[in-house]
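Below is one structure, written out as structure tokens, with a few remarks after it.
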Amino acid sequence: MTNQPMTTIPEFLIRRFHELGVHEGFGIVGDFALKLFDRLSHHGFPILVTTDEQGSAFAAEAYGRVRGLGVCAVTYSVGGFKVVNATAGAWAENVPLLILGGSPGLAERKGDPLIHHKVKNFDTQLEVFKDITIAQAVLSNPLTITQEIDRVLGQMIAHQRPGYIEIPRDMVDVPVLDRLESLSIDLPKVHEKRLELAVTEALSLLEAVGDAVSIAGVMAVRRKLGPELLAFTESFKVPMATTSLSKGAIPETHPLALGVYMGAVSAKSVIDQVESAKPLISFGVLFGDLVMGGFTDHLDRGQVIECTDTHVNIGFHTYHDVPLWAFLPALIQAGKKKGYKESGHVAHRKAHFVAKAGQGLVVERIMECVAGFMDHKTRLIVDPGDCLFGSVDLPVHNLTLASAYYATMGYAVPAALGAGIADPSTRPIVLVGDGAFLMSGLEALSAVHHGVHPIVIVVDNKGYGTQRPMIDGPFNDIPSLRAEELPKAFGSGVGFLCETEESLYEALSQATSTDELFIIRACVPRGTYSPGLMRLTDALKTRV
């Protein structure tokens, strides 16, 4: 034992975080986590404070989408249970979000005392997280702690799922056995012969007479295959759509980018091209109900080359142990041998918007106006609801962040903080409804506090507008908030109230020319909706 290198939990965690490109976390402290927060900060890993624990988790989750891992640190129970929703969303949408929980010390648990924050028993929080994380550990044995940390982190990255690590407060400074080797990550395994056969069959279908189209899905994004997606599209000259979870996986201004395919929610031109494709090749698509527009998609599975995180389906053939991360590069390489090669410089499309004098706002025109201000220095972040469905046709240059399948309200504003910290080269532009903004709008102040200055567009349709077309009632009515006045209360930023196209254009012109927080309340008449939402709600009405 005396010859073994030793370290502490915070020091080892930080080394692994840095190894994975993560340099800060998000969270709110409490007495059971005080020592953990202090030591992490002391050793160079700050925990950025938000107004609420769920906001911390949403910020960390967004950070994880951009960097590949996000860290949220909270105290026992009162903090831990408040991040359950965000962790569930991370599971549903394949995001490696690590929950670090400070908890009562091992010594103070003896005799099962009634310690504040305790619920039922000391393992209740752990049991809850077992259902929504891929791996869990309570760090109690100094001989195995670093091994346990590596097990959790390795499983998270391998499977692209959230994880949970609980640290009793009397273990924070205890010397633990160090592990000097790098973190080992077991990606989905590859069967080389099946990979070769799958590539050969896919290539033969792509070379056959037909109109091939591809769809880039969430797992292609999670596996950081953006460059490969673009290389495939340009090499094979195959138009590429995305899903709402992978919007912006390739620049949507690219001449071969079709935009978002979302079943009936999408424009008819996109639907026609995707649904008539022969073959249709999907890269890591999650075929969930909202992702597929309430299952209003009409895809001929006999014409689909489906590439998943673990296998490839071609028609009715299945190639097991042929994961997406290996298949796509191999397909591109095989194409090169056949003479396919990437295009040179291509001319990108640019959105233009001309405001109509005196014209009131509607959702689709808000989206068209926003599109005119999007460029490679901006990142769109969207809350569920009409903001999500209305933005389907809004072209973006970078990956959009949205809770597009799990569909938890209140995601976008705190996500702007996480995205802005993870990628300072892009400025967040947030689209959020008035209902969702009431839930987490104060996190705009957290963003400013940490040096992020998003443009927040509150689409105010006077209530829970997504529900009204299905069933309306007083349960869809909410308090009205003059969101544009919040910058005055914050002591930072600029607010705008916009009721016409001209005022919205002016507000966005000012917002994009300065580096300040902007909160723009864009008012639309109650009872007006985007065409995409109407198509979706028509499909969903039959289920209510």
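Lettering and numbering for the structure tokens are positional, with chains as A, B, ... in the shown order, residues counted from 1 in each chain, and ligands counted from 1 in the shown order.
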
Tell me, as a PyMOL selection string, which residues lie within 12 Å of A:Glu443, counting only C-alpha atoms; anything in the same chain fewer than 3 positions away does not count. chain A and resi 48-59+410-418+436-440+446-450+452-454+456+486+490+517

Could you write out that same residue set with N, CA, C and O atoms as a short mmCIF file (atom, residue, chain, number, x, y, z; two decimals), in the first residue's frame?
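Written file, result.cif:
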data_model
loop_
_atom_site.label_atom_id
_atom_site.label_comp_id
_atom_site.auth_asym_id
_atom_site.auth_seq_id
_atom_site.Cartn_x
_atom_site.Cartn_y
_atom_site.Cartn_z
N LEU A 48 -20.53 26.28 -11.57
CA LEU A 48 -21.21 27.53 -11.87
C LEU A 48 -22.63 27.49 -11.31
O LEU A 48 -23.42 26.60 -11.62
N VAL A 49 -22.95 28.48 -10.50
CA VAL A 49 -24.21 28.50 -9.76
C VAL A 49 -25.34 29.04 -10.64
O VAL A 49 -25.16 29.99 -11.40
N THR A 50 -26.51 28.42 -10.52
CA THR A 50 -27.71 28.88 -11.22
C THR A 50 -28.76 29.27 -10.18
O THR A 50 -28.51 29.21 -8.98
N THR A 51 -29.95 29.62 -10.64
CA THR A 51 -30.99 30.03 -9.69
C THR A 51 -31.74 28.85 -9.10
O THR A 51 -32.40 28.97 -8.08
N ASP A 52 -31.65 27.68 -9.76
CA ASP A 52 -32.38 26.51 -9.31
C ASP A 52 -31.64 25.26 -9.79
O ASP A 52 -30.98 25.28 -10.83
N GLU A 53 -31.76 24.16 -9.02
CA GLU A 53 -31.03 22.94 -9.38
C GLU A 53 -31.43 22.40 -10.75
O GLU A 53 -30.59 21.90 -11.50
N GLN A 54 -32.72 22.46 -11.08
CA GLN A 54 -33.11 21.95 -12.40
C GLN A 54 -32.44 22.77 -13.50
O GLN A 54 -32.02 22.22 -14.52
N GLY A 55 -32.31 24.07 -13.28
CA GLY A 55 -31.60 24.91 -14.24
C GLY A 55 -30.15 24.48 -14.38
O GLY A 55 -29.60 24.47 -15.49
N SER A 56 -29.52 24.11 -13.26
CA SER A 56 -28.15 23.60 -13.31
C SER A 56 -28.06 22.36 -14.17
O SER A 56 -27.13 22.21 -14.97
N ALA A 57 -29.01 21.45 -13.98
CA ALA A 57 -28.98 20.20 -14.72
C ALA A 57 -29.24 20.42 -16.21
O ALA A 57 -28.59 19.80 -17.06
N PHE A 58 -30.17 21.31 -16.54
CA PHE A 58 -30.41 21.64 -17.95
C PHE A 58 -29.16 22.27 -18.57
O PHE A 58 -28.81 21.98 -19.72
N ALA A 59 -28.51 23.16 -17.82
CA ALA A 59 -27.28 23.79 -18.33
C ALA A 59 -26.19 22.74 -18.55
O ALA A 59 -25.51 22.74 -19.58
N GLY A 410 -39.30 24.52 -20.17
CA GLY A 410 -38.33 25.23 -19.34
C GLY A 410 -36.89 24.87 -19.62
O GLY A 410 -36.00 25.28 -18.89
N TYR A 411 -36.64 24.14 -20.70
CA TYR A 411 -35.29 23.68 -21.01
C TYR A 411 -34.40 24.77 -21.59
O TYR A 411 -33.22 24.88 -21.25
N ALA A 412 -34.94 25.59 -22.49
CA ALA A 412 -34.10 26.37 -23.39
C ALA A 412 -33.28 27.46 -22.71
O ALA A 412 -32.10 27.65 -23.04
N VAL A 413 -33.86 28.22 -21.78
CA VAL A 413 -33.11 29.34 -21.19
C VAL A 413 -31.89 28.84 -20.40
O VAL A 413 -30.78 29.32 -20.62
N PRO A 414 -32.04 27.89 -19.47
CA PRO A 414 -30.83 27.39 -18.80
C PRO A 414 -29.88 26.67 -19.75
O PRO A 414 -28.66 26.70 -19.56
N ALA A 415 -30.43 26.03 -20.79
CA ALA A 415 -29.56 25.38 -21.77
C ALA A 415 -28.67 26.39 -22.47
O ALA A 415 -27.54 26.07 -22.87
N ALA A 416 -29.16 27.62 -22.63
CA ALA A 416 -28.34 28.67 -23.25
C ALA A 416 -27.08 28.94 -22.43
O ALA A 416 -26.01 29.20 -22.99
N LEU A 417 -27.21 28.89 -21.11
CA LEU A 417 -26.02 29.06 -20.26
C LEU A 417 -25.02 27.94 -20.53
O LEU A 417 -23.84 28.21 -20.76
N GLY A 418 -25.48 26.68 -20.51
CA GLY A 418 -24.57 25.57 -20.72
C GLY A 418 -23.92 25.60 -22.08
O GLY A 418 -22.71 25.37 -22.21
N ALA A 436 -43.21 28.35 -20.78
CA ALA A 436 -41.91 27.80 -20.43
C ALA A 436 -41.00 28.86 -19.80
O ALA A 436 -40.21 28.56 -18.89
N PHE A 437 -41.12 30.10 -20.28
CA PHE A 437 -40.28 31.16 -19.72
C PHE A 437 -40.60 31.41 -18.25
O PHE A 437 -39.70 31.69 -17.45
N LEU A 438 -41.87 31.28 -17.88
CA LEU A 438 -42.23 31.43 -16.46
C LEU A 438 -41.52 30.40 -15.59
O LEU A 438 -41.25 30.65 -14.42
N MET A 439 -41.22 29.24 -16.15
CA MET A 439 -40.62 28.16 -15.37
C MET A 439 -39.14 28.40 -15.09
O MET A 439 -38.66 28.04 -14.01
N SER A 440 -38.41 28.95 -16.03
CA SER A 440 -36.95 29.02 -15.86
C SER A 440 -36.34 30.28 -16.43
O SER A 440 -35.12 30.34 -16.63
N SER A 446 -28.59 34.07 -14.54
CA SER A 446 -27.44 33.19 -14.30
C SER A 446 -26.48 33.25 -15.48
O SER A 446 -25.25 33.26 -15.30
N ALA A 447 -27.03 33.26 -16.70
CA ALA A 447 -26.18 33.32 -17.89
C ALA A 447 -25.33 34.58 -17.88
O ALA A 447 -24.11 34.53 -18.08
N VAL A 448 -25.96 35.72 -17.63
CA VAL A 448 -25.21 36.98 -17.57
C VAL A 448 -24.15 36.93 -16.48
O VAL A 448 -23.01 37.38 -16.67
N HIS A 449 -24.51 36.37 -15.33
CA HIS A 449 -23.59 36.26 -14.20
C HIS A 449 -22.31 35.52 -14.58
O HIS A 449 -21.23 35.82 -14.06
N HIS A 450 -22.46 34.56 -15.50
CA HIS A 450 -21.31 33.75 -15.90
C HIS A 450 -20.75 34.14 -17.26
O HIS A 450 -19.97 33.39 -17.86
N VAL A 452 -22.34 34.84 -20.22
CA VAL A 452 -23.04 34.44 -21.45
C VAL A 452 -24.19 35.43 -21.67
O VAL A 452 -24.92 35.74 -20.74
N HIS A 453 -24.33 35.92 -22.90
CA HIS A 453 -25.33 36.95 -23.20
C HIS A 453 -26.24 36.48 -24.33
O HIS A 453 -26.08 36.90 -25.49
N PRO A 454 -27.21 35.66 -24.02
CA PRO A 454 -28.09 35.14 -25.07
C PRO A 454 -29.08 36.19 -25.55
O PRO A 454 -29.33 37.20 -24.89
N VAL A 456 -32.88 36.15 -26.04
CA VAL A 456 -34.02 35.33 -25.64
C VAL A 456 -35.29 35.91 -26.25
O VAL A 456 -35.67 37.05 -25.96
N LEU A 486 -37.62 42.52 -17.43
CA LEU A 486 -36.69 41.83 -16.53
C LEU A 486 -35.27 42.39 -16.57
O LEU A 486 -34.60 42.45 -15.53
N PHE A 490 -32.77 42.94 -13.47
CA PHE A 490 -31.45 42.29 -13.44
C PHE A 490 -30.33 43.32 -13.28
O PHE A 490 -29.25 42.99 -12.79
N LEU A 517 -27.26 40.85 -22.98
CA LEU A 517 -28.47 40.07 -22.86
C LEU A 517 -29.62 40.85 -23.49
O LEU A 517 -29.82 42.02 -23.21
#

Residues of stretch 166-358 of chain A in strand (DSSP E) according to DSSP, as a VMD selection string? chain A and resid 166 to 168 176 to 177 213 to 216 240 to 242 257 to 260 280 to 283 304 to 307 311 to 314 317 to 320

When you look at A:His348 with a cut-off of 8 Å (counting only C-alpha atoms), what residues show up, excluding the ones that are within fewer than 4 positions of it in the same chain? I need them as a ChimeraX atom specification. /A:253-255

Excluding same-chain residues fewer than 2 positions from stretch 301-308 of chain A, what lies within 7 Å of it counting only C-alpha atoms, as a PyMOL selection string? chain A and resi 278-284+299+310-316+323-324

Could those residues be written to a file, using N, CA, C and O atoms, as a PDB file, in the first residue's frame?
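Writing done, so here's again_26.pdb:
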ATOM      1  N   LYS A 278     -35.349   6.317 -52.646  1.00  0.00           N
ATOM      2  CA  LYS A 278     -34.958   4.935 -52.898  1.00  0.00           C
ATOM      3  C   LYS A 278     -33.465   4.899 -53.173  1.00  0.00           C
ATOM      4  O   LYS A 278     -33.047   5.271 -54.277  1.00  0.00           O
ATOM      5  N   PRO A 279     -32.644   4.507 -52.216  1.00  0.00           N
ATOM      6  CA  PRO A 279     -32.997   4.141 -50.842  1.00  0.00           C
ATOM      7  C   PRO A 279     -33.010   5.387 -49.941  1.00  0.00           C
ATOM      8  O   PRO A 279     -32.542   6.449 -50.328  1.00  0.00           O
ATOM      9  N   LEU A 280     -33.537   5.180 -48.737  1.00  0.00           N
ATOM     10  CA  LEU A 280     -33.432   6.172 -47.654  1.00  0.00           C
ATOM     11  C   LEU A 280     -32.452   5.619 -46.649  1.00  0.00           C
ATOM     12  O   LEU A 280     -32.638   4.512 -46.140  1.00  0.00           O
ATOM     13  N   ILE A 281     -31.391   6.366 -46.375  1.00  0.00           N
ATOM     14  CA  ILE A 281     -30.389   5.887 -45.421  1.00  0.00           C
ATOM     15  C   ILE A 281     -30.435   6.755 -44.171  1.00  0.00           C
ATOM     16  O   ILE A 281     -30.327   7.979 -44.250  1.00  0.00           O
ATOM     17  N   SER A 282     -30.659   6.122 -43.017  1.00  0.00           N
ATOM     18  CA  SER A 282     -30.774   6.867 -41.762  1.00  0.00           C
ATOM     19  C   SER A 282     -29.564   6.576 -40.887  1.00  0.00           C
ATOM     20  O   SER A 282     -29.179   5.427 -40.698  1.00  0.00           O
ATOM     21  N   PHE A 283     -28.977   7.645 -40.367  1.00  0.00           N
ATOM     22  CA  PHE A 283     -27.779   7.541 -39.533  1.00  0.00           C
ATOM     23  C   PHE A 283     -28.141   7.872 -38.087  1.00  0.00           C
ATOM     24  O   PHE A 283     -28.240   9.032 -37.709  1.00  0.00           O
ATOM     25  N   GLY A 284     -28.406   6.864 -37.271  1.00  0.00           N
ATOM     26  CA  GLY A 284     -28.629   7.064 -35.844  1.00  0.00           C
ATOM     27  C   GLY A 284     -29.907   7.785 -35.507  1.00  0.00           C
ATOM     28  O   GLY A 284     -29.959   8.552 -34.544  1.00  0.00           O
ATOM     29  N   LEU A 299     -42.690   5.952 -43.972  1.00  0.00           N
ATOM     30  CA  LEU A 299     -41.422   5.484 -44.510  1.00  0.00           C
ATOM     31  C   LEU A 299     -41.546   4.000 -44.876  1.00  0.00           C
ATOM     32  O   LEU A 299     -42.014   3.189 -44.068  1.00  0.00           O
ATOM     33  N   THR A 310     -25.541   0.296 -32.838  1.00  0.00           N
ATOM     34  CA  THR A 310     -24.986  -1.056 -32.633  1.00  0.00           C
ATOM     35  C   THR A 310     -25.053  -1.942 -33.865  1.00  0.00           C
ATOM     36  O   THR A 310     -24.321  -2.916 -33.964  1.00  0.00           O
ATOM     37  N   HIS A 311     -25.935  -1.646 -34.815  1.00  0.00           N
ATOM     38  CA  HIS A 311     -26.097  -2.538 -35.961  1.00  0.00           C
ATOM     39  C   HIS A 311     -26.659  -1.775 -37.159  1.00  0.00           C
ATOM     40  O   HIS A 311     -27.071  -0.618 -37.043  1.00  0.00           O
ATOM     41  N   VAL A 312     -26.673  -2.461 -38.303  1.00  0.00           N
ATOM     42  CA  VAL A 312     -27.204  -1.888 -39.542  1.00  0.00           C
ATOM     43  C   VAL A 312     -28.283  -2.813 -40.087  1.00  0.00           C
ATOM     44  O   VAL A 312     -28.062  -4.023 -40.221  1.00  0.00           O
ATOM     45  N   ASN A 313     -29.449  -2.227 -40.377  1.00  0.00           N
ATOM     46  CA  ASN A 313     -30.522  -2.943 -41.070  1.00  0.00           C
ATOM     47  C   ASN A 313     -30.590  -2.440 -42.504  1.00  0.00           C
ATOM     48  O   ASN A 313     -30.684  -1.236 -42.737  1.00  0.00           O
ATOM     49  N   ILE A 314     -30.540  -3.371 -43.463  1.00  0.00           N
ATOM     50  CA  ILE A 314     -30.700  -3.005 -44.866  1.00  0.00           C
ATOM     51  C   ILE A 314     -31.881  -3.806 -45.396  1.00  0.00           C
ATOM     52  O   ILE A 314     -31.781  -5.027 -45.553  1.00  0.00           O
ATOM     53  N   GLY A 315     -32.986  -3.115 -45.622  1.00  0.00           N
ATOM     54  CA  GLY A 315     -34.203  -3.831 -45.962  1.00  0.00           C
ATOM     55  C   GLY A 315     -34.572  -4.755 -44.820  1.00  0.00           C
ATOM     56  O   GLY A 315     -34.866  -4.305 -43.712  1.00  0.00           O
ATOM     57  N   PHE A 316     -34.508  -6.049 -45.105  1.00  0.00           N
ATOM     58  CA  PHE A 316     -34.826  -7.022 -44.057  1.00  0.00           C
ATOM     59  C   PHE A 316     -33.604  -7.846 -43.665  1.00  0.00           C
ATOM     60  O   PHE A 316     -33.716  -8.927 -43.092  1.00  0.00           O
ATOM     61  N   PRO A 323     -21.636  -0.931 -35.738  1.00  0.00           N
ATOM     62  CA  PRO A 323     -22.125   0.329 -35.172  1.00  0.00           C
ATOM     63  C   PRO A 323     -21.925   1.502 -36.121  1.00  0.00           C
ATOM     64  O   PRO A 323     -21.033   1.499 -36.973  1.00  0.00           O
ATOM     65  N   LEU A 324     -22.752   2.498 -35.932  1.00  0.00           N
ATOM     66  CA  LEU A 324     -22.734   3.699 -36.767  1.00  0.00           C
ATOM     67  C   LEU A 324     -21.357   4.336 -36.818  1.00  0.00           C
ATOM     68  O   LEU A 324     -20.909   4.768 -37.893  1.00  0.00           O
TER      69      LEU A 324
END

From A:Arg365, A:Arg194, A:Lys488, A:Lys462, residue lying nearest A:Tyr505 [only C-alpha atoms]: A:Arg365

Residue nearest A:Ser41 among A:Arg535, A:Lys247, A:His23, A:Arg223 (counting only C-alpha atoms):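 Nearest candidate to A:Ser41 out of A:Arg535, A:Lys247, A:His23, A:Arg223: A:His23.
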
How would you write, as a VMD selection string, the set of residues in stretch 331-472 of chain A that DSSP gives as helix (DSSP H, G or I)? chain A and resid 331 to 337 363 to 371 386 to 393 412 to 422 434 to 440 443 to 449

Skip A:Ser266 itself and residues of its chain fewer than 5 positions away, then list as number ranges by chain all residues within 7 Å of it, counting only C-alpha atoms. A: 260-261, 271, 392, 532

A:Gly25 environment, 6 Å, only C-alpha atoms, sequence neighbours closer than 3 positions dropped, as a list in words: Ile47, Val71 and Cys72 of chain A

Give me the residues within 7 Å of A:Phe518 as a ChimeraX atom specification, counting only C-alpha atoms and dropping any in the same chain fewer than 3 places off. /A:454-456,493-495,511

Store the residues picked out above in a file with N, CA and C atoms, as a CSV table (one decimal), in the first residue's frame.
chain,number,residue,atom,x,y,z
A,454,PRO,N,-27.2,35.7,-24.0
A,454,PRO,CA,-28.1,35.1,-25.1
A,454,PRO,C,-29.1,36.2,-25.6
A,455,ILE,N,-29.6,35.9,-26.7
A,455,ILE,CA,-30.8,36.7,-27.2
A,455,ILE,C,-32.0,35.7,-26.9
A,456,VAL,N,-32.9,36.1,-26.0
A,456,VAL,CA,-34.0,35.3,-25.6
A,456,VAL,C,-35.3,35.9,-26.3
A,493,GLY,N,-28.7,44.2,-19.4
A,493,GLY,CA,-29.4,43.8,-20.6
A,493,GLY,C,-30.4,44.8,-21.1
A,494,VAL,N,-31.1,44.4,-22.2
A,494,VAL,CA,-32.0,45.2,-22.9
A,494,VAL,C,-33.3,44.4,-23.1
A,495,GLY,N,-34.4,45.0,-22.9
A,495,GLY,CA,-35.7,44.4,-23.2
A,495,GLY,C,-36.5,45.1,-24.3
A,511,ALA,N,-30.0,43.6,-31.2
A,511,ALA,CA,-29.5,42.5,-30.4
A,511,ALA,C,-28.3,41.9,-31.0
